[in-house]
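Engineer: Input file: data31.txt. Contents: compact mmCIF, C-alpha atoms.
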```txt
# COMPACT_ATOMS: atom_id res chain seq x y z
CA MET A 1 0.00 0.00 0.00
CA ASP A 2 1.54 3.36 -1.05
CA ASP A 3 1.44 6.60 0.97
CA LYS A 4 -1.50 7.95 -1.03
CA GLN A 5 -3.60 4.86 -0.23
CA ARG A 6 -2.62 5.06 3.45
CA ARG A 7 -3.66 8.71 3.64
CA TYR A 8 -6.95 7.91 1.91
CA GLY A 9 -7.60 5.01 4.31
CA LEU A 10 -6.87 7.24 7.31
CA PHE A 11 -9.20 9.91 5.90
CA ILE A 12 -12.04 7.36 5.53
CA TYR A 13 -11.45 6.12 9.11
CA ILE A 14 -11.68 9.63 10.51
CA ILE A 15 -14.87 10.34 8.56
CA ILE A 16 -16.44 7.11 9.90
CA LEU A 17 -15.34 7.98 13.44
CA ILE A 18 -16.76 11.47 13.17
CA GLY A 19 -20.06 10.16 11.87
CA TYR A 20 -20.20 7.50 14.58
CA ILE A 21 -19.83 9.76 17.58
CA GLY A 22 -21.23 12.95 16.08
CA LEU A 23 -18.24 15.26 16.16
CA PHE A 24 -19.16 17.78 13.46
CA PRO A 25 -19.52 21.35 14.78
CA ILE A 26 -23.06 21.73 16.10
CA PRO A 27 -24.91 25.07 16.01
CA LEU A 28 -26.31 25.98 19.41
CA GLY A 29 -28.40 28.93 18.34
CA LYS A 30 -27.25 32.36 17.18
CA GLU A 31 -24.43 32.79 19.67
CA LEU A 32 -22.98 29.47 20.81
CA LEU A 33 -20.97 26.95 18.79
CA LEU A 34 -19.63 23.54 19.79
CA VAL A 35 -16.43 22.96 17.80
CA LEU A 36 -14.21 19.87 17.74
CA GLN A 37 -10.57 20.78 18.47
CA TRP A 38 -8.76 17.43 18.35
CA ILE A 39 -8.89 13.67 19.01
CA HIS A 40 -5.91 11.77 20.46
CA PRO A 41 -5.48 8.06 21.32
CA VAL A 42 -4.27 7.48 24.89
CA ASP A 43 -2.06 4.57 23.79
CA ALA A 44 -0.22 6.60 21.12
CA PRO A 45 3.53 7.29 21.48
CA LEU A 46 4.36 10.14 23.82
CA SER A 47 5.15 13.51 22.30
CA THR A 48 8.73 14.74 22.44
CA MET A 49 7.27 17.69 24.39
CA GLY A 50 7.07 15.27 27.33
CA GLN A 51 10.85 15.09 27.48
CA ARG A 52 11.04 18.55 29.00
CA SER A 53 9.16 20.31 31.77
CA PRO A 54 6.33 22.52 30.46
CA THR A 55 6.68 26.24 31.10
CA SER A 56 4.27 28.09 33.36
CA LYS A 57 2.52 29.50 30.29
CA GLU A 58 1.80 26.11 28.76
CA ARG A 59 -1.59 24.67 29.73
CA VAL A 60 -1.79 20.91 30.29
CA THR A 61 -4.82 18.80 31.18
CA GLY A 62 -4.69 15.68 33.30
CA PHE A 63 -7.10 12.78 32.76
CA LEU A 64 -8.06 9.53 34.45
CA LEU A 65 -9.58 7.11 31.95
CA GLY A 66 -10.16 3.63 33.31
CA LYS A 67 -6.76 2.39 34.46
CA THR A 68 -4.78 5.09 32.65
CA ILE A 69 -3.47 8.37 34.06
CA GLY A 70 -2.27 10.84 31.44
CA TYR A 71 -1.57 14.43 30.46
CA VAL A 72 -2.22 16.20 27.17
CA SER A 73 -1.09 19.60 25.96
CA GLU A 74 -3.46 22.31 24.81
CA THR A 75 -2.87 21.22 21.21
CA GLY A 76 -3.51 17.53 21.93
CA ASP A 77 0.02 16.16 22.36
CA LEU A 78 0.21 13.21 24.78
CA LEU A 79 2.85 14.23 27.32
CA TYR A 80 2.72 11.45 29.91
CA ARG A 81 0.99 8.16 30.65
CA GLU A 82 0.98 5.83 33.67
CA SER A 83 -1.10 2.83 34.81
CA VAL A 84 -3.30 3.18 37.89
CA LEU A 85 -2.22 1.15 40.92
CA TYR A 86 -5.57 1.07 42.75
CA SER A 87 -7.01 4.56 42.33
CA ALA A 88 -5.68 8.04 41.65
CA LEU A 89 -6.18 11.74 42.19
CA VAL A 90 -5.43 13.54 38.92
CA THR A 91 -5.39 17.33 38.51
CA ASP A 92 -3.87 19.62 35.91
CA ARG A 93 -1.04 20.48 38.32
CA GLY A 94 -0.09 16.96 39.37
CA PHE A 95 -1.32 13.55 40.46
CA ILE A 96 -1.18 10.93 43.21
CA ASN A 97 -1.31 7.28 42.14
CA TYR A 98 -1.96 5.18 45.23
CA SER A 99 -2.37 1.54 46.26
CA ALA A 100 -5.27 -0.16 48.06
CA ILE A 101 -3.63 0.69 51.41
CA PRO A 102 -2.66 4.31 50.79
CA LYS A 103 0.41 5.22 52.87
CA ASN A 104 3.22 7.69 52.09
CA LEU A 105 1.42 9.28 49.13
CA VAL A 106 3.80 10.16 46.28
CA VAL A 107 2.96 13.36 44.40
CA LYS A 108 4.13 13.66 40.78
CA ASP A 109 4.03 16.49 38.25
CA PRO A 110 2.37 16.20 34.78
CA LEU A 111 5.53 14.57 33.37
CA GLY A 112 5.83 11.96 36.12
CA ASN A 113 8.58 13.66 38.10
CA ILE A 114 8.28 13.30 41.88
CA LEU A 115 7.29 16.56 43.57
CA SER A 116 6.95 15.36 47.16
CA THR A 117 5.97 12.51 49.46
CA LEU A 118 3.12 13.01 51.93
CA GLN A 119 3.67 11.10 55.15
CA LEU A 120 -0.05 10.47 55.52
CA GLU A 121 -2.37 7.48 55.41
CA GLY A 122 -5.62 8.15 53.61
CA TYR A 123 -7.37 8.96 50.35
CA PRO A 124 -6.41 12.12 48.42
CA PHE A 125 -8.99 14.33 46.69
CA ALA A 126 -9.20 17.85 45.29
CA ARG A 127 -11.73 20.67 45.53
CA LYS A 128 -11.30 23.83 43.42
CA ASP A 129 -7.54 23.42 43.03
CA ARG A 130 -7.03 22.68 46.72
CA PHE A 131 -5.78 19.30 47.91
CA PHE A 132 -6.95 17.18 50.83
CA VAL A 133 -6.42 13.73 52.30
CA LEU A 134 -9.37 11.94 53.89
CA ALA A 135 -8.29 9.82 56.87
CA ALA A 136 -8.48 6.05 56.33
CA ASP A 137 -11.31 5.78 58.89
CA GLY A 138 -13.27 8.60 57.21
CA CYS A 139 -13.32 10.74 60.37
CA GLY A 140 -10.58 13.25 59.64
CA VAL A 141 -9.21 15.44 56.87
CA THR A 142 -5.90 17.18 56.15
CA GLU A 143 -5.23 20.00 53.69
CA VAL A 144 -1.91 19.67 51.90
CA THR A 145 0.04 21.23 49.04
CA LEU A 146 1.53 19.32 46.12
CA GLU A 147 4.92 20.32 47.49
CA GLY A 148 4.26 18.21 50.59
CA GLU A 149 3.31 20.94 53.09
CA ILE A 150 0.56 20.17 55.62
CA LEU A 151 -1.60 23.30 56.00
CA TRP A 152 -4.02 22.00 58.64
CA LYS A 153 -5.56 18.83 60.02
CA ARG A 154 -8.90 18.18 61.74
CA ASP A 155 -10.26 15.00 63.34
CA PHE A 156 -13.92 14.35 64.20
CA ASN A 157 -15.85 11.70 66.11
CA GLN A 158 -18.19 11.31 63.12
CA LEU A 159 -17.83 10.17 59.54
CA ILE A 160 -17.31 12.94 56.99
CA THR A 161 -20.14 12.51 54.48
CA SER A 162 -19.59 15.53 52.20
CA MET A 163 -17.07 18.32 51.69
CA ASP A 164 -16.31 21.26 49.42
CA ALA A 165 -13.86 24.15 49.38
CA GLY A 166 -13.85 27.78 48.33
CA THR A 167 -10.75 29.94 48.10
CA ASP A 168 -10.19 30.47 51.84
CA THR A 169 -12.64 28.16 53.59
CA ALA A 170 -13.82 24.55 53.46
CA ALA A 171 -17.30 23.24 54.32
CA ILE A 172 -17.57 19.81 55.93
CA GLY A 173 -20.74 17.78 56.47
CA LEU A 174 -20.80 15.05 59.13
CA TRP A 175 -22.87 11.90 59.58
CA ASP A 176 -24.87 13.35 62.49
CA GLY A 177 -26.02 16.40 60.49
CA THR A 178 -23.37 18.83 61.73
CA LEU A 179 -22.11 21.41 59.23
CA LEU A 180 -18.75 23.09 59.82
CA VAL A 181 -16.89 25.82 57.95
CA ILE A 182 -13.13 25.59 58.37
CA GLY A 183 -10.88 28.61 57.91
CA ALA A 184 -7.53 28.84 56.13
CA LYS A 185 -5.62 27.76 59.26
CA GLY A 186 -7.94 24.91 60.18
CA GLU A 187 -10.03 26.87 62.67
CA VAL A 188 -13.82 26.42 62.88
CA VAL A 189 -15.44 29.68 61.75
CA PHE A 190 -19.03 28.42 61.59
CA GLN A 191 -20.87 25.40 62.97
CA GLU A 192 -24.51 24.35 62.96
CA LYS A 193 -26.38 21.16 63.80
CA LEU A 194 -28.97 21.14 61.06
CA SER A 195 -31.49 18.86 62.73
CA PRO A 196 -31.86 16.54 65.71
CA ASP A 197 -33.45 14.07 63.29
CA PRO A 198 -31.42 10.81 63.14
CA TYR A 199 -31.69 10.95 59.33
CA SER A 200 -30.07 14.36 58.96
CA VAL A 201 -26.96 13.09 57.12
CA LEU A 202 -25.41 15.71 54.80
CA TYR A 203 -25.31 14.19 51.31
CA LEU A 204 -24.07 17.32 49.51
CA THR A 205 -22.06 20.29 50.75
CA SER A 206 -21.11 23.06 48.34
CA LEU A 207 -19.27 26.40 48.45
CA THR A 208 -18.86 29.04 45.78
CA LYS A 209 -15.26 29.68 44.79
CA ASP A 210 -15.37 33.15 46.40
CA ASP A 211 -16.65 31.65 49.72
CA ARG A 212 -19.70 33.92 49.51
CA MET A 213 -22.45 31.29 49.38
CA MET A 214 -22.87 27.82 50.84
CA GLY A 215 -25.47 25.12 50.19
CA VAL A 216 -26.28 21.65 51.48
CA VAL A 217 -28.68 18.79 50.83
CA CYS A 218 -29.50 16.73 53.90
CA GLY A 219 -31.96 14.42 55.59
CA LEU A 220 -34.64 12.04 54.38
CA ASN A 221 -38.44 12.05 54.17
CA PRO A 222 -38.27 14.72 52.89
CA GLN A 223 -34.77 15.50 51.66
CA ARG A 224 -34.16 19.23 51.93
CA GLY A 225 -31.75 21.90 50.82
CA ILE A 226 -30.46 25.02 52.56
CA LEU A 227 -28.64 28.08 51.21
CA TRP A 228 -26.48 30.48 53.25
CA GLU A 229 -24.77 33.73 52.34
CA LYS A 230 -21.68 35.08 54.06
CA THR A 231 -22.13 38.40 55.90
CA PRO A 232 -19.75 40.52 58.01
CA VAL A 233 -21.07 38.75 61.11
CA GLY A 234 -21.20 35.19 59.76
CA TYR A 235 -23.31 32.97 57.50
CA LYS A 236 -27.00 33.83 57.19
CA ARG A 237 -29.70 31.49 55.87
CA VAL A 238 -31.30 32.87 52.72
CA ARG A 239 -33.34 29.89 51.53
CA SER A 240 -34.67 26.51 52.66
CA PHE A 241 -36.49 24.15 50.31
CA GLN A 242 -37.69 20.57 49.96
CA LEU A 243 -36.69 18.09 47.27
CA ASN A 244 -38.49 15.10 45.79
CA SER A 245 -35.35 12.98 46.11
CA ASP A 246 -34.70 10.26 48.65
CA PHE A 247 -31.02 9.54 47.97
CA ARG A 248 -28.98 7.63 50.53
CA ARG A 249 -25.66 8.34 48.86
CA PRO A 250 -23.50 11.36 47.97
CA ILE A 251 -25.35 13.75 45.66
CA GLN A 252 -23.86 15.51 42.63
CA GLY A 253 -24.15 19.30 42.78
CA LEU A 254 -22.46 22.68 42.95
CA LEU A 255 -22.99 26.36 43.66
CA ASP A 256 -22.28 28.64 40.72
CA SER A 257 -20.29 31.72 41.81
CA ARG A 258 -21.45 33.78 38.82
CA THR A 259 -25.18 33.29 39.31
CA GLY A 260 -25.50 32.13 42.93
CA LYS A 261 -27.59 29.21 41.66
CA PHE A 262 -27.52 25.88 43.51
CA VAL A 263 -27.47 23.05 40.96
CA MET A 264 -28.08 19.48 42.17
CA GLU A 265 -29.37 16.13 41.02
CA ASP A 266 -32.79 15.08 42.23
CA ALA A 267 -35.18 12.19 41.68
CA GLU A 268 -36.45 13.65 38.40
CA GLY A 269 -33.18 14.88 36.94
CA LEU A 270 -31.63 18.23 37.81
CA SER A 271 -32.82 21.05 40.07
CA ILE A 272 -31.60 24.65 39.76
CA VAL A 273 -32.43 26.69 42.85
CA GLY A 274 -31.86 30.41 43.40
CA ARG A 275 -32.37 32.82 46.26
CA GLY A 276 -36.05 33.16 45.32
CA LYS A 277 -38.59 30.56 44.20
CA GLU A 278 -39.30 32.48 41.00
CA SER A 279 -35.89 31.52 39.60
CA ASP A 280 -36.15 27.77 40.36
CA ARG A 281 -35.95 25.44 37.37
CA LYS A 282 -36.04 21.69 36.73
CA VAL A 283 -34.43 19.69 33.95
CA LEU A 284 -36.20 16.35 33.57
CA LEU A 285 -33.92 13.38 32.84
CA ARG A 286 -34.23 9.62 32.74
CA GLU A 287 -30.52 8.97 33.26
CA ARG A 288 -28.35 9.26 36.36
CA ILE A 289 -26.09 12.31 36.52
CA GLU A 290 -22.37 11.47 36.69
CA THR A 291 -20.57 14.83 36.60
CA ILE A 292 -21.67 18.47 36.78
CA ALA A 293 -19.33 21.22 35.65
CA THR A 294 -19.64 24.90 34.71
CA SER A 295 -18.28 26.84 31.77
CA PRO A 296 -17.86 30.64 32.01
CA ILE A 297 -19.29 31.21 28.52
CA ASP A 298 -22.78 32.67 28.60
CA LYS A 299 -23.60 31.03 31.97
CA LEU A 300 -23.50 27.61 30.33
CA LEU A 301 -23.81 24.54 32.58
CA LEU A 302 -22.37 21.23 31.38
CA PHE A 303 -23.05 17.80 32.81
CA SER A 304 -22.78 14.16 31.81
CA THR A 305 -25.24 11.34 32.47
CA GLN A 306 -25.10 7.56 32.38
CA GLN A 307 -27.66 5.06 31.17
CA ASP A 308 -27.72 1.45 29.96
CA GLU A 309 -27.24 2.48 26.34
CA GLY A 310 -24.29 4.77 27.01
CA ARG A 311 -23.57 8.34 28.07
CA LYS A 312 -24.93 11.77 27.24
CA VAL A 313 -23.40 15.23 27.59
CA TYR A 314 -25.83 18.12 28.06
CA GLY A 315 -25.35 21.86 27.83
CA ILE A 316 -27.99 24.05 29.46
CA THR A 317 -28.27 27.67 30.52
CA ASP A 318 -28.70 28.69 34.16
CA THR A 319 -32.43 29.03 33.42
CA GLY A 320 -32.65 25.33 32.50
CA LYS A 321 -32.87 25.80 28.73
CA ARG A 322 -31.19 22.98 26.80
CA VAL A 323 -28.79 24.21 24.13
CA PHE A 324 -27.09 20.98 23.13
CA LEU A 325 -27.14 17.23 23.69
CA LYS A 326 -24.52 14.71 22.61
CA SER A 327 -25.25 10.99 22.87
CA LEU A 328 -22.32 8.57 23.08
CA ASP A 329 -22.39 4.80 22.66
CA VAL A 330 -20.04 4.23 25.59
CA GLN A 331 -20.46 1.65 28.34
CA GLY A 332 -16.83 1.24 29.43
CA PRO A 333 -14.43 3.72 31.09
CA PHE A 334 -15.47 7.34 30.64
CA TRP A 335 -13.94 10.70 31.60
CA PHE A 336 -15.49 14.17 31.38
CA GLN A 337 -14.09 17.57 32.36
CA SER A 338 -15.02 21.17 31.64
CA GLU A 339 -12.89 24.29 32.00
CA GLU A 340 -12.70 27.83 30.61
CA GLY A 341 -15.10 27.48 27.71
CA LYS A 342 -14.01 24.00 26.67
CA PHE A 343 -14.67 20.43 27.67
CA PHE A 344 -12.94 17.10 27.27
CA LEU A 345 -14.28 13.59 26.77
CA GLY A 346 -12.40 10.35 27.24
CA PHE A 347 -13.70 6.97 26.06
CA LYS A 348 -12.66 4.01 23.88
CA LYS A 349 -8.99 4.88 24.52
CA LYS A 350 -9.33 8.37 23.05
CA ILE A 351 -9.28 11.89 24.48
CA ILE A 352 -11.41 14.47 22.65
CA LYS A 353 -11.46 18.24 23.11
CA TYR A 354 -14.33 20.58 22.25
CA GLN A 355 -14.39 24.36 22.31
CA VAL A 356 -17.60 26.13 23.30
CA LYS A 357 -17.45 29.65 21.92
CA LEU A 358 -19.46 32.55 20.60
CA GLY A 359 -20.33 32.19 16.93
```
What is this structure when it is put down as structure tokens?
Structural biologist:
Amino acid sequence: MDDKQRRYGLFIYIIILIGYIGLFPIPLGKELLLVLQWIHPVDAPLSTMGQRSPTSKERVTGFLLGKTIGYVSETGDLLYRESVLYSALVTDRGFINYSAIPKNLVVKDPLGNILSTLQLEGYPFARKDRFFVLAADGCGVTEVTLEGEILWKRDFNQLITSMDAGTDTAAIGLWDGTLLVIGAKGEVVFQEKLSPDPYSVLYLTSLTKDDRMMGVVCGLNPQRGILWEKTPVGYKRVRSFQLNSDFRRPIQGLLDSRTGKFVMEDAEGLSIVGRGKESDRKVLLRERIETIATSPIDKLLLFSTQQDEGRKVYGITDTGKRVFLKSLDVQGPFWFQSEEGKFFLGFKKKIIKYQVKLG
């Protein structure tokens, strides 16, 4: 087969792939466009860019797809790849690949170079570019840096059931219905027992990035939500509401800093709750929500769902209006991430980047 035939065969393969998963640019109305940027196999040879450390101006994206940890450049070059030991925390700044008994957590940069070793036993996780380690018994948490510094540590006599972080504070929900806000040095700046009810477990705790608003979903029969706003004298309740859900597991959700809207999964799909009832919206879905993420373009909310037939990625406005839907025939490992007007998909050993922009 000559080079011309090879190029033609590759062209036909790409056309079939594009038709199969629907990757042509999709109009989203008069202002928004969904544009394919690139597709890259995760088992392809590493780029020569991975032989040097990226500069501070170069943007890289970390992914966790099945049993593969990897990093891609902004233009789609595969910079690094590593197999998962048991599980992993992967962020754009670095990752921790840990075993089933996580001790002495090793932190690596996007090229696999060791940054530090955390002398801690527990499970690492990230919230809004801050890094934490949940104690092995689930009753304590430590904030750390990727350079190995321990910023603060708190232990409780209850299981931690939910947690989120803003820029300066962290909100922690406990099994007995206690909500705590922890300051930058580990001090408790706010605490409230939400209910004496034995079923007052906090299933979702959320903070806006600017620490201004806080929301929770707690309890059963009925499950309810609460919104607070930070004032000069502390956090003040601004809204309480009931939900139709009856989840007994962690709930997907977030507080949007730009709109102040509390977005969460419920029994019927997705609920969007504001400070007043007049702004509440529902998005009806049949599938279970996997990941919710925000994009700063035109208040667009992105989330992925799972069903027996595969996955779907939705784009909606903060008023609940659907502006795009992408269905994917994927039942195996799946990865989804949104940031700064773009989102990434990972499935079938490929990483795909889309740009969401004004048309």
Engineer: Neighbouring residues of stretch 152-164 of chain A were defined as those with any atom within 10 Å, considering all atoms listed in the file; residues of the same chain fewer than 5 positions away were excluded. Please report them as number ranges by chain.
Structural biologist: A: 126-128, 130, 132-135, 137-144, 169-188, 201-209, 214-217, 249-251, 254
Engineer: Atom CA of A:Val313 to atom CA of A:Ala44: how many Å, to one decimal?
Structural biologist: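 Value for the atom CA of A:Val313-atom CA of A:Ala44 distance: 25.6 Å.
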Engineer: Between A:Leu345, A:Ile316, A:Ile292, A:Val238, single out the one closest to A:Lys277, counting only C-alpha atoms.
Structural biologist: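 Residue with the minimum atom-to-atom distance to A:Lys277: A:Val238.
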Engineer: Just want the 9 Å neighbourhood of A:Gly62, counted on all atoms listed in the file, with same-chain residues fewer than 6 positions away dropped. Output as a list in words.
Structural biologist: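 My list of contacting residues is Ile69, Gly70, Tyr71, Val72, Val90, Thr91, Asp92, Arg93, Gly94, Phe95 and Pro110 of chain A.
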Engineer: Kindly export the residues of the current selection with C-alpha atoms, as a PDB file, in the frame of the given file.
Structural biologist:
```
ATOM      1  CA  ILE A  69      -3.470   8.370  34.060  1.00  0.00           C
ATOM      2  CA  GLY A  70      -2.270  10.840  31.440  1.00  0.00           C
ATOM      3  CA  TYR A  71      -1.570  14.430  30.460  1.00  0.00           C
ATOM      4  CA  VAL A  72      -2.220  16.200  27.170  1.00  0.00           C
ATOM      5  CA  VAL A  90      -5.430  13.540  38.920  1.00  0.00           C
ATOM      6  CA  THR A  91      -5.390  17.330  38.510  1.00  0.00           C
ATOM      7  CA  ASP A  92      -3.870  19.620  35.910  1.00  0.00           C
ATOM      8  CA  ARG A  93      -1.040  20.480  38.320  1.00  0.00           C
ATOM      9  CA  GLY A  94      -0.090  16.960  39.370  1.00  0.00           C
ATOM     10  CA  PHE A  95      -1.320  13.550  40.460  1.00  0.00           C
ATOM     11  CA  PRO A 110       2.370  16.200  34.780  1.00  0.00           C
TER      12      PRO A 110
END
```
Engineer: Could you give me, as a list in words, the residues that sit within 7 Å of (-12.3, 14.3, 35.6) in the file's coordinates, counting all atoms listed in the file?
Structural biologist: Phe63, Leu64, Trp335, Phe336 and Gln337 of chain A
